[in-house]
$ cat coords-v7.pdb   # PDB, C-alpha atoms
MODEL        1
ATOM      1  CA  MET A   1       0.000   0.000   0.000
ATOM      2  CA  SER A   2       2.774   2.434   0.909
ATOM      3  CA  ASP A   3       4.174   2.607  -2.624
ATOM      4  CA  ARG A   4       0.871   3.556  -4.257
ATOM      5  CA  PRO A   5      -0.449   7.118  -4.659
ATOM      6  CA  LYS A   6      -3.126   8.048  -2.155
ATOM      7  CA  THR A   7      -5.160  11.036  -1.001
ATOM      8  CA  ILE A   8      -5.126  11.930   2.689
ATOM      9  CA  GLN A   9      -7.654  14.376   4.087
ATOM     10  CA  ILE A  10      -6.968  16.262   7.315
ATOM     11  CA  PHE A  11      -9.889  18.018   8.972
ATOM     12  CA  LEU A  12      -9.338  20.797  11.538
ATOM     13  CA  PRO A  13     -12.501  20.922  13.710
ATOM     14  CA  ASP A  14     -11.667  24.325  15.225
ATOM     15  CA  GLY A  15      -9.628  25.668  12.296
ATOM     16  CA  ASN A  16      -6.361  25.497  14.259
ATOM     17  CA  ALA A  17      -3.634  23.328  12.720
ATOM     18  CA  ARG A  18      -1.987  22.951  16.148
ATOM     19  CA  SER A  19      -5.179  21.682  17.777
ATOM     20  CA  ILE A  20      -7.236  18.527  17.150
ATOM     21  CA  ARG A  21      -6.663  17.032  13.687
ATOM     22  CA  ILE A  22      -8.631  14.211  12.064
ATOM     23  CA  ALA A  23      -6.821  12.381   9.270
ATOM     24  CA  GLU A  24      -8.144   9.748   6.900
ATOM     25  CA  ILE A  25      -7.334   8.152   3.576
ATOM     26  CA  THR A  26     -10.438   8.944   1.579
ATOM     27  CA  SER A  27     -10.854   5.404   0.261
ATOM     28  CA  ARG A  28     -10.377   3.676   3.651
ATOM     29  CA  THR A  29     -12.547   3.185   6.733
ATOM     30  CA  VAL A  30      -9.873   3.912   9.366
ATOM     31  CA  ARG A  31      -9.257   7.399  10.738
ATOM     32  CA  ALA A  32      -6.692   8.922  13.090
ATOM     33  CA  ILE A  33      -7.546  11.667  15.570
ATOM     34  CA  GLN A  34      -4.535  13.634  16.835
ATOM     35  CA  ILE A  35      -5.204  15.280  20.192
ATOM     36  CA  PRO A  36      -2.848  17.639  22.052
ATOM     37  CA  ARG A  37      -2.955  16.878  25.767
ATOM     38  CA  SER A  38      -4.389  20.316  26.472
ATOM     39  CA  LYS A  39      -7.374  19.455  24.222
ATOM     40  CA  ILE A  40      -8.455  16.188  25.889
ATOM     41  CA  SER A  41     -11.614  17.805  27.248
ATOM     42  CA  ASP A  42     -12.534  19.286  23.850
ATOM     43  CA  ALA A  43     -11.935  15.913  22.199
ATOM     44  CA  GLY A  44     -14.693  14.464  24.375
ATOM     45  CA  LYS A  45     -17.190  16.423  22.287
ATOM     46  CA  ARG A  46     -16.163  14.476  19.174
ATOM     47  CA  ASP A  47     -17.947  11.183  18.442
ATOM     48  CA  GLU A  48     -14.903  10.016  16.472
ATOM     49  CA  VAL A  49     -12.931   9.555  19.700
ATOM     50  CA  LYS A  50     -15.671   7.939  21.779
ATOM     51  CA  SER A  51     -15.599   4.472  20.221
ATOM     52  CA  VAL A  52     -13.620   1.238  20.121
ATOM     53  CA  GLY A  53     -10.060   1.580  18.859
ATOM     54  CA  ILE A  54      -6.383   1.797  19.668
ATOM     55  CA  TYR A  55      -4.409   4.830  20.771
ATOM     56  CA  PHE A  56      -0.831   6.056  21.004
ATOM     57  CA  LEU A  57       0.576   8.431  23.622
ATOM     58  CA  PHE A  58       3.619  10.287  22.287
ATOM     59  CA  GLY A  59       6.184  12.227  24.271
ATOM     60  CA  GLU A  60       9.742  12.124  25.567
ATOM     61  CA  SER A  61      11.379  10.128  28.314
ATOM     62  CA  GLU A  62      11.760  12.327  31.387
ATOM     63  CA  LYS A  63      15.112  10.618  32.103
ATOM     64  CA  THR A  64      16.742  10.536  28.659
ATOM     65  CA  GLY A  65      14.795  12.998  26.501
ATOM     66  CA  LEU A  66      14.382  10.282  23.841
ATOM     67  CA  PRO A  67      11.070   9.697  21.990
ATOM     68  CA  LEU A  68       8.667   7.557  23.998
ATOM     69  CA  VAL A  69       5.291   5.973  23.166
ATOM     70  CA  TYR A  70       2.575   4.061  24.965
ATOM     71  CA  ILE A  71       0.277   1.864  22.871
ATOM     72  CA  GLY A  72      -3.152   0.822  24.142
ATOM     73  CA  GLU A  73      -6.680  -0.202  23.208
ATOM     74  CA  ALA A  74     -10.058   0.780  24.591
ATOM     75  CA  GLU A  75     -13.782   0.384  24.089
ATOM     76  CA  ASP A  76     -14.053   4.160  24.508
ATOM     77  CA  CYS A  77     -10.783   5.809  23.505
ATOM     78  CA  HIS A  78     -11.664   9.179  25.034
ATOM     79  CA  ASN A  79     -12.422   7.724  28.467
ATOM     80  CA  ARG A  80      -9.091   5.909  28.450
ATOM     81  CA  LEU A  81      -7.242   9.073  27.427
ATOM     82  CA  VAL A  82      -8.863  10.945  30.294
ATOM     83  CA  GLN A  83      -7.549   8.268  32.669
ATOM     84  CA  HIS A  84      -4.036   8.542  31.219
ATOM     85  CA  ASN A  85      -4.215  12.325  31.505
ATOM     86  CA  ARG A  86      -4.425  11.837  35.275
ATOM     87  CA  SER A  87      -1.907   9.021  35.602
ATOM     88  CA  LYS A  88       0.854   9.313  32.975
ATOM     89  CA  GLY A  89       3.264  12.218  32.910
ATOM     90  CA  PHE A  90       5.509  11.846  29.853
ATOM     91  CA  TRP A  91       3.131  12.390  26.940
ATOM     92  CA  ASP A  92       2.040  15.579  25.192
ATOM     93  CA  THR A  93       0.040  14.226  22.223
ATOM     94  CA  ALA A  94      -2.369  11.337  21.745
ATOM     95  CA  VAL A  95      -3.468   9.747  18.480
ATOM     96  CA  ALA A  96      -6.627   7.630  18.569
ATOM     97  CA  ILE A  97      -7.408   5.185  15.761
ATOM     98  CA  THR A  98     -11.075   4.359  15.215
ATOM     99  CA  SER A  99     -13.342   3.099  12.437
ATOM    100  CA  LYS A 100     -15.464   5.469  10.369
ATOM    101  CA  THR A 101     -18.081   2.686  10.119
ATOM    102  CA  ASN A 102     -17.878   1.752  13.831
ATOM    103  CA  SER A 103     -16.904  -1.761  12.786
ATOM    104  CA  PHE A 104     -14.095  -2.330  15.302
ATOM    105  CA  THR A 105     -14.806  -4.783  18.101
ATOM    106  CA  LYS A 106     -12.815  -5.367  21.283
ATOM    107  CA  ALA A 107     -11.035  -8.283  19.580
ATOM    108  CA  HIS A 108     -10.139  -6.101  16.588
ATOM    109  CA  ALA A 109      -8.659  -3.451  18.861
ATOM    110  CA  LYS A 110      -6.678  -5.963  20.917
ATOM    111  CA  TYR A 111      -5.217  -7.503  17.747
ATOM    112  CA  LEU A 112      -4.173  -4.109  16.355
ATOM    113  CA  GLU A 113      -2.723  -3.135  19.730
ATOM    114  CA  TRP A 114      -0.667  -6.363  19.817
ATOM    115  CA  TYR A 115       0.519  -6.062  16.227
ATOM    116  CA  CYS A 116       1.402  -2.351  16.452
ATOM    117  CA  HIS A 117       3.331  -3.022  19.659
ATOM    118  CA  GLN A 118       5.353  -5.789  17.966
ATOM    119  CA  GLN A 119       6.089  -3.641  14.919
ATOM    120  CA  ALA A 120       7.071  -0.608  17.001
ATOM    121  CA  ILE A 121       9.643  -2.755  18.801
ATOM    122  CA  ASP A 122      11.018  -4.108  15.512
ATOM    123  CA  VAL A 123      11.242  -0.655  13.900
ATOM    124  CA  ASN A 124      12.859   0.712  17.080
ATOM    125  CA  ARG A 125      12.287   4.433  16.507
ATOM    126  CA  TYR A 126      10.624   5.017  19.887
ATOM    127  CA  ALA A 127      11.167   3.559  23.328
ATOM    128  CA  ILE A 128       8.006   1.725  24.450
ATOM    129  CA  ASP A 129       6.418   2.725  27.762
ATOM    130  CA  ASN A 130       4.124  -0.329  28.076
ATOM    131  CA  THR A 131       4.970  -2.287  31.225
ATOM    132  CA  THR A 132       2.578  -5.088  30.215
ATOM    133  CA  VAL A 133       3.174  -6.638  26.801
ATOM    134  CA  PRO A 134      -0.086  -6.962  24.811
ATOM    135  CA  THR A 135      -1.103 -10.527  23.946
ATOM    136  CA  LYS A 136      -2.398 -11.764  20.613
ATOM    137  CA  PRO A 137      -6.144 -12.520  20.734
ATOM    138  CA  PHE A 138      -7.745 -15.342  18.804
ATOM    139  CA  ILE A 139      -9.409 -14.137  15.609
ATOM    140  CA  SER A 140     -10.317 -15.820  12.339
ATOM    141  CA  GLU A 141      -7.996 -15.823   9.342
ATOM    142  CA  GLN A 142     -10.432 -13.654   7.388
ATOM    143  CA  ILE A 143     -10.611 -10.991  10.108
ATOM    144  CA  GLU A 144      -6.839 -11.024  10.464
ATOM    145  CA  ALA A 145      -6.485 -10.296   6.741
ATOM    146  CA  ASP A 146      -8.852  -7.326   7.050
ATOM    147  CA  LEU A 147      -7.007  -6.012  10.102
ATOM    148  CA  MET A 148      -3.663  -6.189   8.317
ATOM    149  CA  ASP A 149      -5.175  -3.924   5.668
ATOM    150  CA  ASN A 150      -6.302  -1.588   8.475
ATOM    151  CA  TYR A 151      -2.786  -1.706   9.933
ATOM    152  CA  GLU A 152      -1.272  -0.436   6.681
ATOM    153  CA  THR A 153      -3.651   2.534   6.837
ATOM    154  CA  VAL A 154      -2.750   3.174  10.483
ATOM    155  CA  LYS A 155       0.960   3.189   9.577
ATOM    156  CA  VAL A 156       0.469   5.759   6.810
ATOM    157  CA  LEU A 157      -1.776   8.019   8.893
ATOM    158  CA  LEU A 158       0.622   8.058  11.841
ATOM    159  CA  SER A 159       3.517   8.976   9.549
ATOM    160  CA  THR A 160       1.448  11.713   7.920
ATOM    161  CA  LEU A 161       0.755  13.219  11.343
ATOM    162  CA  GLY A 162       4.476  13.203  12.126
ATOM    163  CA  TYR A 163       4.835   9.918  14.035
ATOM    164  CA  PRO A 164       6.551   7.299  11.817
ATOM    165  CA  ILE A 165       6.618   4.818  14.688
ATOM    166  CA  LEU A 166       5.771   1.875  12.416
ATOM    167  CA  GLU A 167       7.866   2.897   9.389
ATOM    168  CA  ASN A 168      11.320   1.489   8.772
ATOM    169  CA  VAL A 169      13.875   4.032   7.581
ATOM    170  CA  ILE A 170      14.205   3.486   3.832
ATOM    171  CA  VAL A 171      17.809   2.808   2.869
ATOM    172  CA  LYS A 172      19.173   2.062  -0.570
ATOM    173  CA  SER A 173      21.145  -1.107  -1.173
ATOM    174  CA  GLN A 174      23.374   0.284  -3.935
ATOM    175  CA  SER A 175      27.020   0.545  -2.915
ATOM    176  CA  SER A 176      27.134   3.956  -4.611
ATOM    177  CA  GLU A 177      24.797   5.302  -1.894
ATOM    178  CA  MET A 178      27.085   4.291   0.972
ATOM    179  CA  LEU A 179      29.084   6.994   2.715
ATOM    180  CA  TYR A 180      32.038   6.779   5.083
ATOM    181  CA  CYS A 181      33.403   8.897   7.919
ATOM    182  CA  LYS A 182      36.900   8.144   9.194
ATOM    183  CA  GLY A 183      39.084   9.590  11.901
ATOM    184  CA  ARG A 184      41.486   8.482  14.596
ATOM    185  CA  GLY A 185      39.683   5.785  16.575
ATOM    186  CA  ALA A 186      36.599   5.957  14.367
ATOM    187  CA  GLU A 187      35.329   4.422  11.146
ATOM    188  CA  ALA A 188      31.652   4.644  10.281
ATOM    189  CA  LYS A 189      29.363   3.714   7.420
ATOM    190  CA  GLY A 190      26.085   5.493   6.734
ATOM    191  CA  GLN A 191      23.594   6.852   4.251
ATOM    192  CA  TYR A 192      21.770  10.121   3.641
ATOM    193  CA  THR A 193      18.007   9.459   3.628
ATOM    194  CA  ASP A 194      14.766  11.396   3.281
ATOM    195  CA  GLU A 195      14.515  11.542   7.081
ATOM    196  CA  GLY A 196      18.074  12.365   8.046
ATOM    197  CA  PHE A 197      21.398  10.546   8.196
ATOM    198  CA  ILE A 198      21.515   6.916   9.303
ATOM    199  CA  VAL A 199      24.674   5.343  10.717
ATOM    200  CA  PHE A 200      24.763   1.579  10.375
ATOM    201  CA  ALA A 201      25.427  -1.009  13.049
ATOM    202  CA  GLY A 202      29.068  -2.068  13.205
ATOM    203  CA  SER A 203      30.352   1.490  12.780
ATOM    204  CA  THR A 204      32.839   2.706  15.372
ATOM    205  CA  ALA A 205      33.067   6.071  17.133
ATOM    206  CA  LYS A 206      35.906   7.813  18.913
ATOM    207  CA  PRO A 207      35.644   6.917  22.612
ATOM    208  CA  GLU A 208      36.585  10.346  23.977
ATOM    209  CA  LEU A 209      35.167  13.749  23.169
ATOM    210  CA  VAL A 210      37.682  16.502  22.502
ATOM    211  CA  PRO A 211      38.123  18.899  25.478
ATOM    212  CA  SER A 212      36.542  21.729  23.467
ATOM    213  CA  ALA A 213      33.409  19.707  22.577
ATOM    214  CA  ASN A 214      30.344  21.925  22.790
ATOM    215  CA  LYS A 215      26.965  21.143  24.342
ATOM    216  CA  PHE A 216      25.540  19.933  21.016
ATOM    217  CA  VAL A 217      28.262  17.275  20.676
ATOM    218  CA  LYS A 218      27.946  16.193  24.315
ATOM    219  CA  ASN A 219      24.149  15.911  24.073
ATOM    220  CA  THR A 220      24.429  13.873  20.876
ATOM    221  CA  ARG A 221      26.825  11.405  22.496
ATOM    222  CA  ASN A 222      24.599  11.168  25.578
ATOM    223  CA  LYS A 223      21.575  10.382  23.399
ATOM    224  CA  LEU A 224      23.468   7.515  21.805
ATOM    225  CA  LEU A 225      24.356   6.142  25.223
ATOM    226  CA  ASP A 226      20.824   6.586  26.574
ATOM    227  CA  ALA A 227      19.387   4.824  23.525
ATOM    228  CA  LYS A 228      21.932   2.003  24.021
ATOM    229  CA  ALA A 229      22.895   2.438  20.375
ATOM    230  CA  ILE A 230      26.616   2.201  21.150
ATOM    231  CA  ASP A 231      28.647  -0.065  23.383
ATOM    232  CA  LEU A 232      32.244   0.244  24.564
ATOM    233  CA  LYS A 233      34.350  -2.590  23.120
ATOM    234  CA  ASP A 234      38.162  -2.771  22.983
ATOM    235  CA  ASP A 235      38.543   0.929  23.870
ATOM    236  CA  MET A 236      36.148   2.169  21.172
ATOM    237  CA  TYR A 237      32.437   2.721  20.851
ATOM    238  CA  VAL A 238      30.690   0.337  18.450
ATOM    239  CA  PHE A 239      27.189   0.926  17.072
ATOM    240  CA  VAL A 240      25.135  -2.107  18.074
ATOM    241  CA  LYS A 241      22.166  -0.990  15.960
ATOM    242  CA  ASP A 242      21.374   1.442  13.165
ATOM    243  CA  PHE A 243      20.794   4.974  14.421
ATOM    244  CA  LEU A 244      19.066   7.862  12.643
ATOM    245  CA  PHE A 245      20.513  11.351  13.149
ATOM    246  CA  SER A 246      18.780  14.580  12.178
ATOM    247  CA  SER A 247      21.665  15.715   9.944
ATOM    248  CA  PRO A 248      25.004  14.590   8.453
ATOM    249  CA  SER A 249      26.816  16.985  10.793
ATOM    250  CA  GLN A 250      25.164  15.551  13.907
ATOM    251  CA  ALA A 251      26.161  12.059  12.738
ATOM    252  CA  GLY A 252      29.732  13.177  12.034
ATOM    253  CA  SER A 253      30.046  14.873  15.405
ATOM    254  CA  ALA A 254      28.850  11.734  17.173
ATOM    255  CA  ILE A 255      31.454   9.644  15.327
ATOM    256  CA  LEU A 256      34.432  11.976  15.733
ATOM    257  CA  GLY A 257      33.638  13.387  19.179
ATOM    258  CA  ARG A 258      33.883  16.994  18.027
ATOM    259  CA  SER A 259      32.046  19.572  15.939
ATOM    260  CA  THR A 260      32.323  18.772  12.258
ATOM    261  CA  ASN A 261      30.783  19.653   8.906
ATOM    262  CA  GLY A 262      29.124  16.412   7.892
ATOM    263  CA  TRP A 263      28.590  17.594   4.332
ATOM    264  CA  THR A 264      32.343  17.546   3.748
ATOM    265  CA  LYS A 265      33.336  14.788   6.198
ATOM    266  CA  TRP A 266      31.069  12.036   4.845
ATOM    267  CA  LYS A 267      32.495  10.673   1.570
ATOM    268  CA  ASP A 268      31.725   7.874  -0.857
ATOM    269  CA  SER A 269      34.160   5.126  -1.868
ATOM    270  CA  LYS A 270      35.684   7.438  -4.500
ATOM    271  CA  GLY A 271      36.397  10.210  -2.021
ATOM    272  CA  ARG A 272      33.588  12.511  -3.160
ATOM    273  CA  THR A 273      31.959  14.446  -0.336
ATOM    274  CA  LEU A 274      28.265  14.403   0.452
ATOM    275  CA  ASP A 275      28.261  18.068  -0.535
ATOM    276  CA  GLU A 276      29.538  17.195  -4.006
ATOM    277  CA  LEU A 277      27.094  14.325  -4.396
ATOM    278  CA  LYS A 278      23.887  15.947  -3.160
ATOM    279  CA  ARG A 279      24.323  19.720  -3.218
TER
ENDMDL
END

$ encode --input "coords-v7.pdb" --output "C-alpha cells"
Amino acid sequence: MSDRPKTIQIFLPDGNARSIRIAEITSRTVRAIQIPRSKISDAGKRDEVKSVGIYFLFGESEKTGLPLVYIGEAEDCHNRLVQHNRSKGFWDTAVAITSKTNSFTKAHAKYLEWYCHQQAIDVNRYAIDNTTVPTKPFISEQIEADLMDNYETVKVLLSTLGYPILENVIVKSQSSEMLYCKGRGAEAKGQYTDEGFIVFAGSTAKPELVPSANKFVKNTRNKLLDAKAIDLKDDMYVFVKDFLFSSPSQAGSAILGRSTNGWTKWKDSKGRTLDELKR
C-alpha cells in the first residue's frame, strides 16, 4: 500500500492546525484523531474519539529525553485518554485510531494493539512505555487479513501526522549510496536518507570527546548512550544498531567526538563528499 499514490484528508474541527486534527485516507474506513494533551476535554465532544479503537501516547522520556510511546486499546478511547491524563506524565500528544463505520470490536482493537506493539519494537524508533506486553487474541484468518489492511492505513496516517513509529527508515542497497566517515579511533558507514542521516550497526566512534566539545556534541553522544545504540568494546564505541541522526553533521560529530561539517566529512568510496554528491 505504501508505494501507491493516495489522497489523505486532514480536517481541523476548530480551524487550528496545532489543535485537534482528524486524518483519513479517503478510500479507507480507518481514521486517526490527533489530540494535544491540552485538548483532551474538547476531544470528548467528538464522536470520532468515543468508540472502540487503539491509541498512542507520544512524548519524551523524562530521564533521557528520547522519543517515547505508549500503545493501548479501549472500548471508549476518550475515556481511556482521560484516565491517562491523570496518571501518565511523559506524553504531550495522543493519536486515537477508530473506524469510520464503527466496525471495530474489542477483539479487533486488541489484535491491532498487539501487532502495532510488535512492529514498534522491531522498527525501534521510539522507546516503548508499556509495562505489560499486549497478547495476541484469537481471531479468524479472514478478520486477520482485514485487520492487516487496516494496519497499513494506520501506519500511513501516523507517519502523515508526524509519528513514523511503524515505518522502517528506507535505505538504498546500492554501494554507490554508501558513505564513510573516518578519523582516529573511528570508522563509520552510513547513508543520507529522506529523514536524516543513518549510521549503520558495526560502525565505530571515537571513545573520547575533545576537550573543546560543545553542548551539542555532548548531548548527541549522551543520546546515543541513553538509547543504548553504542557499546564500549576494545577501547572504542561500536554501534550495536542502526541509528538515525537529524543531519550529516550531527552524525559526524557523534562519530568523531567533536564539531564537524558532515557535508564535507562524509564521503563515498571514491572520495567525493556528500556536498559534491547531493548539493

$ residues_around --input "coords-v7.pdb" --residues "region 52-55 of chain A" --least-positions-apart "6" --cutoff "10 Å" --atoms "all atoms listed in the file" --output "ChimeraX atom specification"
/A:30,32-34,70-78,80-81,94-99,102-114,116,154

$ write_last_selection --input "coords-v7.pdb" --atoms "C-alpha atoms" --output "short mmCIF file (atom, residue, chain, number, x, y, z; two decimals), keeping the file's coordinate frame"
data_model
loop_
_atom_site.label_atom_id
_atom_site.label_comp_id
_atom_site.auth_asym_id
_atom_site.auth_seq_id
_atom_site.Cartn_x
_atom_site.Cartn_y
_atom_site.Cartn_z
CA VAL A 30 -9.87 3.91 9.37
CA ALA A 32 -6.69 8.92 13.09
CA ILE A 33 -7.55 11.67 15.57
CA GLN A 34 -4.54 13.63 16.84
CA TYR A 70 2.58 4.06 24.96
CA ILE A 71 0.28 1.86 22.87
CA GLY A 72 -3.15 0.82 24.14
CA GLU A 73 -6.68 -0.20 23.21
CA ALA A 74 -10.06 0.78 24.59
CA GLU A 75 -13.78 0.38 24.09
CA ASP A 76 -14.05 4.16 24.51
CA CYS A 77 -10.78 5.81 23.50
CA HIS A 78 -11.66 9.18 25.03
CA ARG A 80 -9.09 5.91 28.45
CA LEU A 81 -7.24 9.07 27.43
CA ALA A 94 -2.37 11.34 21.74
CA VAL A 95 -3.47 9.75 18.48
CA ALA A 96 -6.63 7.63 18.57
CA ILE A 97 -7.41 5.18 15.76
CA THR A 98 -11.08 4.36 15.22
CA SER A 99 -13.34 3.10 12.44
CA ASN A 102 -17.88 1.75 13.83
CA SER A 103 -16.90 -1.76 12.79
CA PHE A 104 -14.10 -2.33 15.30
CA THR A 105 -14.81 -4.78 18.10
CA LYS A 106 -12.82 -5.37 21.28
CA ALA A 107 -11.04 -8.28 19.58
CA HIS A 108 -10.14 -6.10 16.59
CA ALA A 109 -8.66 -3.45 18.86
CA LYS A 110 -6.68 -5.96 20.92
CA TYR A 111 -5.22 -7.50 17.75
CA LEU A 112 -4.17 -4.11 16.36
CA GLU A 113 -2.72 -3.14 19.73
CA TRP A 114 -0.67 -6.36 19.82
CA CYS A 116 1.40 -2.35 16.45
CA VAL A 154 -2.75 3.17 10.48
#

$ atom_distance --input "coords-v7.pdb" --atom1 "CA of His117 (chain A)" --atom2 "CA of Ala254 (chain A)"
29.6 Å

$ closest_residue --input "coords-v7.pdb" --among "A:Pro67, A:Gly271, A:Gly202, A:Gly162" --to "Ile230 (chain A)" --atoms "only C-alpha atoms"
A:Gly202

$ closest_residue --input "coords-v7.pdb" --among "A:Ile35, A:Gln9, A:Asp122, A:Ile143" --to "Trp91 (chain A)" --atoms "all atoms listed in the file"
A:Ile35

$ residues_around --input "coords-v7.pdb" --residues "Glu152 (chain A)" --least-positions-apart "5" --cutoff "12 Å" --atoms "only C-alpha atoms" --output "NGL selection string"
:A and (1-4 or 25 or 28-31 or 112 or 115-116 or 119 or 145-147 or 157-159 or 166-167)

$ resolve_selection --input "coords-v7.pdb" --expression "the PyMOL selection byres ((chain A and resi 191-199) around 8)" --output "list in words"
Val169, Ile170, Val171, Glu177, Met178, Leu179, Ala188, Lys189, Gly190, Phe200, Ala201, Ser203, Asp242, Phe243, Leu244, Phe245, Ser246, Ser247, Pro248 and Ala251 of chain A

$ closest_residue --input "coords-v7.pdb" --among "A:Val133, A:Val49, A:Val156, A:Leu209" --to "Thr7 (chain A)" --atoms "all atoms listed in the file"
A:Val156

$ atom_distance --input "coords-v7.pdb" --atom1 "CA of Asp275 (chain A)" --atom2 "CA of Gly183 (chain A)"
18.5 Å

$ atom_distance --input "coords-v7.pdb" --atom1 "CA of Ser140 (chain A)" --atom2 "CA of Val123 (chain A)"
26.4 Å

$ closest_residue --input "coords-v7.pdb" --among "A:Lys265, A:Arg37, A:Arg272, A:Arg184" --to "Arg86 (chain A)" --atoms "all atoms listed in the file"
A:Arg37

$ axis_aligned_box --input "coords-v7.pdb" --around "region 140-159 of chain A" --padding-each-side "6 Å" --output "lines of an AutoDock Vina configuration file"
center_x = -3.5
center_y = -3.4
center_z = 9.0
size_x = 26.1
size_y = 36.8
size_z = 18.7

$ closest_residue --input "coords-v7.pdb" --among "A:Leu57, A:Ala205, A:Ile8, A:Ala120" --to "Thr26 (chain A)" --atoms "only C-alpha atoms"
A:Ile8

$ resolve_selection --input "coords-v7.pdb" --expression "the PyMOL selection byres ((chain A and resi 257) around 7)" --output "PyMOL selection string"
chain A and resi 206+208-210+217+253-256+258

$ write_last_selection --input "coords-v7.pdb" --atoms "C-alpha atoms" --output "CSV table (one decimal), keeping the file's coordinate frame"
chain,number,residue,atom,x,y,z
A,206,LYS,CA,35.9,7.8,18.9
A,208,GLU,CA,36.6,10.3,24.0
A,209,LEU,CA,35.2,13.7,23.2
A,210,VAL,CA,37.7,16.5,22.5
A,217,VAL,CA,28.3,17.3,20.7
A,253,SER,CA,30.0,14.9,15.4
A,254,ALA,CA,28.8,11.7,17.2
A,255,ILE,CA,31.5,9.6,15.3
A,256,LEU,CA,34.4,12.0,15.7
A,258,ARG,CA,33.9,17.0,18.0

$ resolve_selection --input "coords-v7.pdb" --expression "the PyMOL selection byres ((chain A and resi 227) around 12)" --output "VMD selection string"
chain A and resid 61 63 to 68 124 to 128 220 to 226 228 to 231 239 to 244

$ closest_residue --input "coords-v7.pdb" --among "A:Val69, A:Ile10, A:Thr260, A:Leu232" --to "Leu161 (chain A)" --atoms "only C-alpha atoms"
A:Ile10
